[in-house]
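*Asks:* The structure under discussion is supplied below as structure tokens; questions concerning it will follow.
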Amino acid sequence: MRNQQAVQLLSELSQPGRRASTWPDCDVPMPASSSLLPRSCLAEHPPQLPELSEPDVVRHFSNLSTRNMSVDTHMYPLGSCTMKYNPKRHERWAALPGFAHVHPLQSDDTMQGLLQILFELQQMLGEISGLPAVSLQPAAGAQGELAALLVAAAYLADRGEKRHKVLVPDSAHGTNPASARMAGFSTVTVPSTSQGFVDLDQLHRQLDQDVAVVMITNPNTLGLFDPQIQTVSRMVHDVGGLIYLDGANMNAIVGVSRPGDFGADMMHFNPHKTFSGPHGGGGPGAGPICVTHALEPYLPSPVVEYDPSGYRLNFDRPHSVGRVRSFLGNVGVLLRAYAYLRTLGPEGLRRTTEQAVLNANYLLQAISPLLPVPHGPRCMHEFVATAKVIKQERGISAMDIAKRLLDYGFHAPTVYFPLTVPESIMIEPTETESKETLDAFVKVLAKVLQEPDDLLHEAPHSTEISRPDEVRAARNPTVRWQTTPTGNNG
Amino acid sequence: MDYLFDTSGDRQTMLRALGVERVEDLFDGIPSNCRLSSGLKLPAPLGELELQQHLESLAGKNYQAAQHACFLGGGSYDHFVPSVVDSIASRAEFYTSYTPYQPEASQGNLQVMFEYQSLICELTGMDVSNASLYDGASAVAEGVLMCLHAAPRGGTVLVPHTMHPEYREVLATYLKHMQATLRVIDTDMSLLTAAELQRHIGADTCCVVLQQPNFLGQIESLQELADVTHQAGASLVVSCDPLSLGILKRPGDLGADIVVAEGQCLGTPLSAGGPYLGILACRESFLRRMPGRIVGETVDRKGRRCWVLTLQTREQHIRREKATSNICTNQGLLALRAAVYLSVVGGQGLRDVADLATRKAHYAAQQIADCERFEVVGNAPFFKEFVVRDSAGQVDALLSHAASRGFLAGLPLGRWYPQFRDCVLVAVTEKRTRHEIDAWANCLANAPVSRLEVTNNA
């Protein structure tokens, strides 16, 4: 059933003279652009792009789409990524002309509906986080981290403090230390205890007057809520530092616990995770940040404000760290988040959180006899199993298991993250999977673990390709077509 | 609950399997004083119909380019999006998938990214491209960071003030804690000349950043500026309008070392400013300093051609604080849109679009210049944007008059350039008809002038 011809590269499908677009004749009495512009800046020929017909293009990309797993077609238990169902209504609403065809530099008066949504979203995120001041501008979680760390740096500098260190737990996402570095800090790694929590003794030793920020992921990347979080916050605040909360795991606690209430000074949301923005094959996301009142003056500019005359973008923010992104941020993603929050309401959000945690615990319980879960027996929205034993006994790796799951129609869990668990398999089912699907996943996993070693080492067997040679790709990088699409054909 | 499967029966079965009575018990790990004692104070839920009606009414309050003839530009343009782009990008197999961590389950996305990278290289004249960044502004910042990382002692970054003001702001934010000095060259309303650049450039210059066409729509003499830059041992980062490359020479052929761009004009509607597409391509020598995902070709265990994420040791999930950037999520879906757009439009189509935009912009400039009140500023060659000066100095009143008559007539420049507060930046795409342009010029020509304000400004 596979169409191999249509998935050749566009450069290979190209045929001289084919076109898929016809543009109108020029309706203004002006000469060709070649006589309106100096010859020195003009290209000699049109761009050398593939020459294709419309059916070529549609069949090519349609067939490529079938070579993906997606949330609409498969369970996608990719730990830390919150691959939940993406409501179809959001797509329709984001495409409404009154949103899709608004220019971002229109005057405030001409986009009151949009500004109202953004203002209300700011307020809702402030309420969910317990951190009342919000900037919607960052384009992704990592940019939110950067923006918030810049906010922290500006705040501390205003207080005359010269703190240069950011503490990051060893189980944190790689974006944390990378963002800290971009914000001009040096990073120090905080080891975890054997239970995966922040090691308080170590933290105590590492906390000093040079510490600006401690970046916490809570629940952490093992899917555990750190019971000492308030102690951690107090210790950090006592030395004058700030707490940053990585909001990647908010799907575990929305409506149950608020970062602002357990001591966070700043955080980002990943609306594409927690509030169901489609992940788009790698993006777009968004990374709104929420901070305390004390940090509010430093947020990126502009923010949306309301006064009796209407909604306004306030650019007059003398203490702001400035912009991190052009225009108003990833409005399309924010609109979907707004729609999600308005659809669920407070009760629905809590139910969603409960179901995410129930699903994860149900899976944990069923899987732990098959693969050890070192930090069980309970978890929040995700948990980390390990293939360490089966690797020692039979040479079967986390990767082998992940690859074989693909054959049975399940996207693989996240493997080899967090780095603190050997042969880690990080599973996050989300709330939008049924009990039947979870049961089927467990059954398949049990079956896979009984299969012959070679079958697993060479898995997957049912996909178009299997075990690409990544070393070869990196050693001798080929990152573009090797033949030009036109010219060589003509 | 529209998105949940749970029935009370399922819930009970699952809780029983866990040996707990209530779902609340699963949250025992959270200390009680960290738990919310009451519900969140959020609006009550709305069903699909109600919320649609609510959103339609809010959307209806916004002016928009499908109803108002749009002459707004400044990095976001009302270009035509062929239906194929929407059709392909709304395939859920694309938009509900994620970063291709498992190449066997993601060959579709990976091949799209590879083709996107190839198309961008062809378009810009560069050797290699990454698989996308957030937007044009952060692409400028990331391009500059690549240059700074290549220059061990940091240095000065030179930017003319005709670079998009918001891009300059983002660049300044990114550079705040770097060993770098951002120096902005004031060129008034003119092109940056080689002599002017020569005056500012020095041994400490790490890179020069140019926008082509610049924020005012003018076409810079890229080759001369590249020569000056390279003679001083600095690198050249060019932020371009990808559609302009339908007729203009490629930055890669004129000496750019890194080419960045806002890719919105390649198949993405205005969307109130995002999500958009950050394009970043460069010479081969910069390959391993690039931020973000890169897709490479390889073979699988049976020798079949395939694609994978490659050179990942640059990235934050491996290199952590030593990564080339902190970027993780990118703009895959927007890169897909750009790839489909370029496939549908093709090289000749891109030339047609750019040609139409150029001619219509020049026609619009003629029409408005014929009106006594207005002057088209400067005599530099321009692509699809140009600056109009209002001799009455009543830009805000002028634009709101035009808005009330169905025109998003132009961008007031005063927000970014107080010295140009009597000026408006006008953009004309291939979508604007002669009828719309004539009506726009007519509307502006007949806009009332308030005597009071004239006196104030005089």
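Letters A, B, ... mark the chains of the structure tokens in the order given; residue numbers begin at 1 per chain; ligand numbers begin at 1, in order shown.
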Which neighbours of range 164-169 of chain B fall inside 6 Å, counting only C-alpha atoms, when residues of the same chain fewer than 6 positions from it are skipped, and could you give them as a PyMOL selection string?

*Replies:* (chain A and resi 323+326) or (chain B and resi 137+215)

*Asks:* Given the selection you just returned, output its residues as a file containing N, CA, C and O atoms, formatted as a PDB file, in the first residue's frame.

*Replies:*
```pdb
ATOM      1  N   ARG A 323      12.632  43.031  24.986  1.00  0.00           N
ATOM      2  CA  ARG A 323      11.922  42.000  24.242  1.00  0.00           C
ATOM      3  C   ARG A 323      12.722  40.714  24.153  1.00  0.00           C
ATOM      4  O   ARG A 323      13.940  40.757  24.077  1.00  0.00           O
ATOM      5  N   SER A 326       9.743  39.105  18.695  1.00  0.00           N
ATOM      6  CA  SER A 326       9.052  40.166  17.978  1.00  0.00           C
ATOM      7  C   SER A 326       7.551  40.083  18.266  1.00  0.00           C
ATOM      8  O   SER A 326       7.024  39.044  18.638  1.00  0.00           O
TER       9      SER A 326
ATOM     10  N   ALA B 137      13.312  37.632  14.644  1.00  0.00           N
ATOM     11  CA  ALA B 137      14.082  38.394  15.629  1.00  0.00           C
ATOM     12  C   ALA B 137      15.062  37.503  16.384  1.00  0.00           C
ATOM     13  O   ALA B 137      16.249  37.817  16.502  1.00  0.00           O
ATOM     14  N   PHE B 215      14.447  47.897   7.180  1.00  0.00           N
ATOM     15  CA  PHE B 215      13.120  48.059   7.773  1.00  0.00           C
ATOM     16  C   PHE B 215      12.266  49.066   6.994  1.00  0.00           C
ATOM     17  O   PHE B 215      11.048  49.012   7.011  1.00  0.00           O
TER      18      PHE B 215
END
```

*Asks:* As a PyMOL selection string, please: all residues of range 281-422 of chain B that backbone DSSP puts in helix (DSSP H, G or I).

*Replies:* chain B and resi 284-289+312-314+316-322+332-369+395-404+413-415+418-420

*Asks:* Which residue, B:Asp135, B:Asp422, B:Asp227, B:Asp188, has the smallest gap to chain A when you use only C-alpha atoms?

*Replies:*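 Looking only at the distances to chain A, the closest residue turns out to be B:Asp135.
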
*Asks:* Range 192-308 of chain B near range 60-84 of chain B within 10 Å: what's each residue's closest atom pair and its distance in Å to one decimal, counting only C-alpha atoms, ordered by chain then ascending residue number, as a tab-separated table?

*Replies:*
```
residue	atom	partner	partner_atom	distance
B:Asn214	CA	B:Gly74	CA	9.6
B:Phe215	CA	B:Gly74	CA	6.4
B:Leu216	CA	B:Gly74	CA	8.0
B:Gly217	CA	B:Gly74	CA	8.7
B:Asp241	CA	B:Gly75	CA	8.3
B:Leu243	CA	B:His79	CA	9.6
B:Ala261	CA	B:Gly75	CA	9.5
B:Glu262	CA	B:Gly75	CA	7.1
B:Gly263	CA	B:Ser76	CA	9.3
B:Gln264	CA	B:Ser76	CA	6.8
B:Cys265	CA	B:Tyr77	CA	6.1
B:Leu266	CA	B:Val81	CA	7.9
B:Gly267	CA	B:Val81	CA	5.0
B:Thr268	CA	B:Val81	CA	6.8
B:Pro269	CA	B:Asp78	CA	6.8
B:Leu270	CA	B:Asp78	CA	6.2
B:Ser271	CA	B:Ser76	CA	9.2
B:Ala272	CA	B:Ser76	CA	8.9
B:Gly273	CA	B:Ser76	CA	7.1
B:Gly274	CA	B:Ser76	CA	9.5
B:Tyr276	CA	B:Ser76	CA	9.2
```

*Asks:* Which one is closest to chain B: A:Ser192, A:Gln230, A:Gln4, A:Gln450? Count only C-alpha atoms.

*Replies:*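 Using only C-alpha atoms, chain B sits closest to A:Gln230.
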
*Asks:* How would you write, as an NGL selection string, the set of residues in range 101-290 of chain B that DSSP gives as strand (DSSP E or B)?

*Replies:* :B and (106 or 128-129 or 133 or 155-160 or 180-185 or 205-212 or 218 or 235-240 or 248 or 258-262 or 278-282)

*Asks:* Counting only C-alpha atoms, which residue out of B:Cys206, B:Leu309, B:Ala195, B:Ala150 sits closest to chain A?

*Replies:*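 For chain A, the nearest of the given residues is B:Leu309.
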
*Asks:* Could you name the residues that touch Pro372 in chain A at 7 Å or less, counting only C-alpha atoms, but leaving out those on the same chain fewer than 4 positions away, as a VMD selection string?

*Replies:* chain A and resid 368 385 to 386

*Asks:* How many Å lie between CA of Glu385 in chain B and CA of Ala364 in chain B, rounded to one decimal?

*Replies:*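 Distance between the two atoms: 9.8 Å.
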
*Asks:* Could you give me, as a list of chain:residue names, the residues within 9 Å of Thr229 in chain B, counting only C-alpha atoms and dropping anything in the same chain fewer than 3 positions from it?

*Replies:*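 So the residues in contact are B:Leu197, B:Gln198, B:Ile201, B:Thr205, B:Cys207, B:Val208, B:Glu224, B:Leu225, B:Ala226, B:Ala232, B:Gly233, B:Ala234, B:Ser235, B:Leu236.
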
*Asks:* Deliver the residues from the most recent selection as a file, using C-alpha atoms, as a PDB file, in the first residue's frame.

*Replies:*
```
ATOM      1  CA  LEU B 197      30.382  51.293   7.731  1.00  0.00           C
ATOM      2  CA  GLN B 198      34.130  51.781   7.265  1.00  0.00           C
ATOM      3  CA  ILE B 201      34.141  49.032  11.810  1.00  0.00           C
ATOM      4  CA  THR B 205      34.166  44.221  15.330  1.00  0.00           C
ATOM      5  CA  CYS B 207      30.060  40.937  13.083  1.00  0.00           C
ATOM      6  CA  VAL B 208      27.898  43.310  11.091  1.00  0.00           C
ATOM      7  CA  GLU B 224      30.063  46.551  -0.947  1.00  0.00           C
ATOM      8  CA  LEU B 225      29.103  46.247   2.710  1.00  0.00           C
ATOM      9  CA  ALA B 226      30.152  42.602   2.733  1.00  0.00           C
ATOM     10  CA  ALA B 232      37.958  44.103   8.724  1.00  0.00           C
ATOM     11  CA  GLY B 233      37.944  40.393   9.582  1.00  0.00           C
ATOM     12  CA  ALA B 234      34.333  40.436  10.751  1.00  0.00           C
ATOM     13  CA  SER B 235      31.427  38.207   9.755  1.00  0.00           C
ATOM     14  CA  LEU B 236      28.276  39.336   7.992  1.00  0.00           C
TER      15      LEU B 236
END
```

*Asks:* Identify, on the basis of only C-alpha atoms, every residue whose closest approach to Pro100 in chain B does not exceed 12 Å; exclude the query and any residue fewer than 6 positions from it along the same chain; express the result as a PyMOL selection string.

*Replies:* (chain A and resi 67-70+78+279-283+411-412+414) or (chain B and resi 94+106-113+131+293-295+307-310+329-330+332)

*Asks:* Save the residues we just selected, C-alpha atoms, as a PDB file, in the first residue's frame?

*Replies:*
```pdb
ATOM      1  CA  ARG A  67       5.235   8.101   7.725  1.00  0.00           C
ATOM      2  CA  ASN A  68       4.676   9.702  11.129  1.00  0.00           C
ATOM      3  CA  MET A  69       3.115   8.578  14.324  1.00  0.00           C
ATOM      4  CA  SER A  70       0.928  11.281  15.830  1.00  0.00           C
ATOM      5  CA  LEU A  78       6.601  10.404  25.469  1.00  0.00           C
ATOM      6  CA  HIS A 279       3.121  19.926  18.950  1.00  0.00           C
ATOM      7  CA  GLY A 280       3.439  20.433  15.192  1.00  0.00           C
ATOM      8  CA  GLY A 281       6.257  17.968  14.565  1.00  0.00           C
ATOM      9  CA  GLY A 282       8.577  19.932  16.844  1.00  0.00           C
ATOM     10  CA  GLY A 283       6.748  23.193  17.395  1.00  0.00           C
ATOM     11  CA  HIS A 411       4.980   5.562  20.083  1.00  0.00           C
ATOM     12  CA  ALA A 412       8.067   4.928  22.193  1.00  0.00           C
ATOM     13  CA  THR A 414      11.245   8.939  26.231  1.00  0.00           C
TER      14      THR A 414
ATOM     15  CA  PHE B  94       1.884  16.422  10.864  1.00  0.00           C
ATOM     16  CA  SER B 106       8.973  10.165  12.141  1.00  0.00           C
ATOM     17  CA  GLN B 107      10.392   9.751   8.650  1.00  0.00           C
ATOM     18  CA  GLY B 108       7.673  12.021   7.306  1.00  0.00           C
ATOM     19  CA  ASN B 109       8.632  14.950   9.516  1.00  0.00           C
ATOM     20  CA  LEU B 110      12.325  14.280   9.118  1.00  0.00           C
ATOM     21  CA  GLN B 111      12.142  14.261   5.336  1.00  0.00           C
ATOM     22  CA  VAL B 112      10.061  17.451   5.401  1.00  0.00           C
ATOM     23  CA  MET B 113      12.740  19.109   7.562  1.00  0.00           C
ATOM     24  CA  ALA B 131      15.286  23.028  10.846  1.00  0.00           C
ATOM     25  CA  ARG B 293      17.653  20.897  15.227  1.00  0.00           C
ATOM     26  CA  ILE B 294      19.414  19.794  12.075  1.00  0.00           C
ATOM     27  CA  VAL B 295      18.261  16.846   9.977  1.00  0.00           C
ATOM     28  CA  TRP B 307      16.765  10.873   7.752  1.00  0.00           C
ATOM     29  CA  VAL B 308      17.690  11.519  11.368  1.00  0.00           C
ATOM     30  CA  LEU B 309      18.291  14.412  13.744  1.00  0.00           C
ATOM     31  CA  THR B 310      22.012  14.926  13.557  1.00  0.00           C
ATOM     32  CA  THR B 329      10.968  23.404  20.744  1.00  0.00           C
ATOM     33  CA  ASN B 330      11.226  24.913  17.277  1.00  0.00           C
ATOM     34  CA  GLY B 332       8.297  22.508  12.743  1.00  0.00           C
TER      35      GLY B 332
END
```
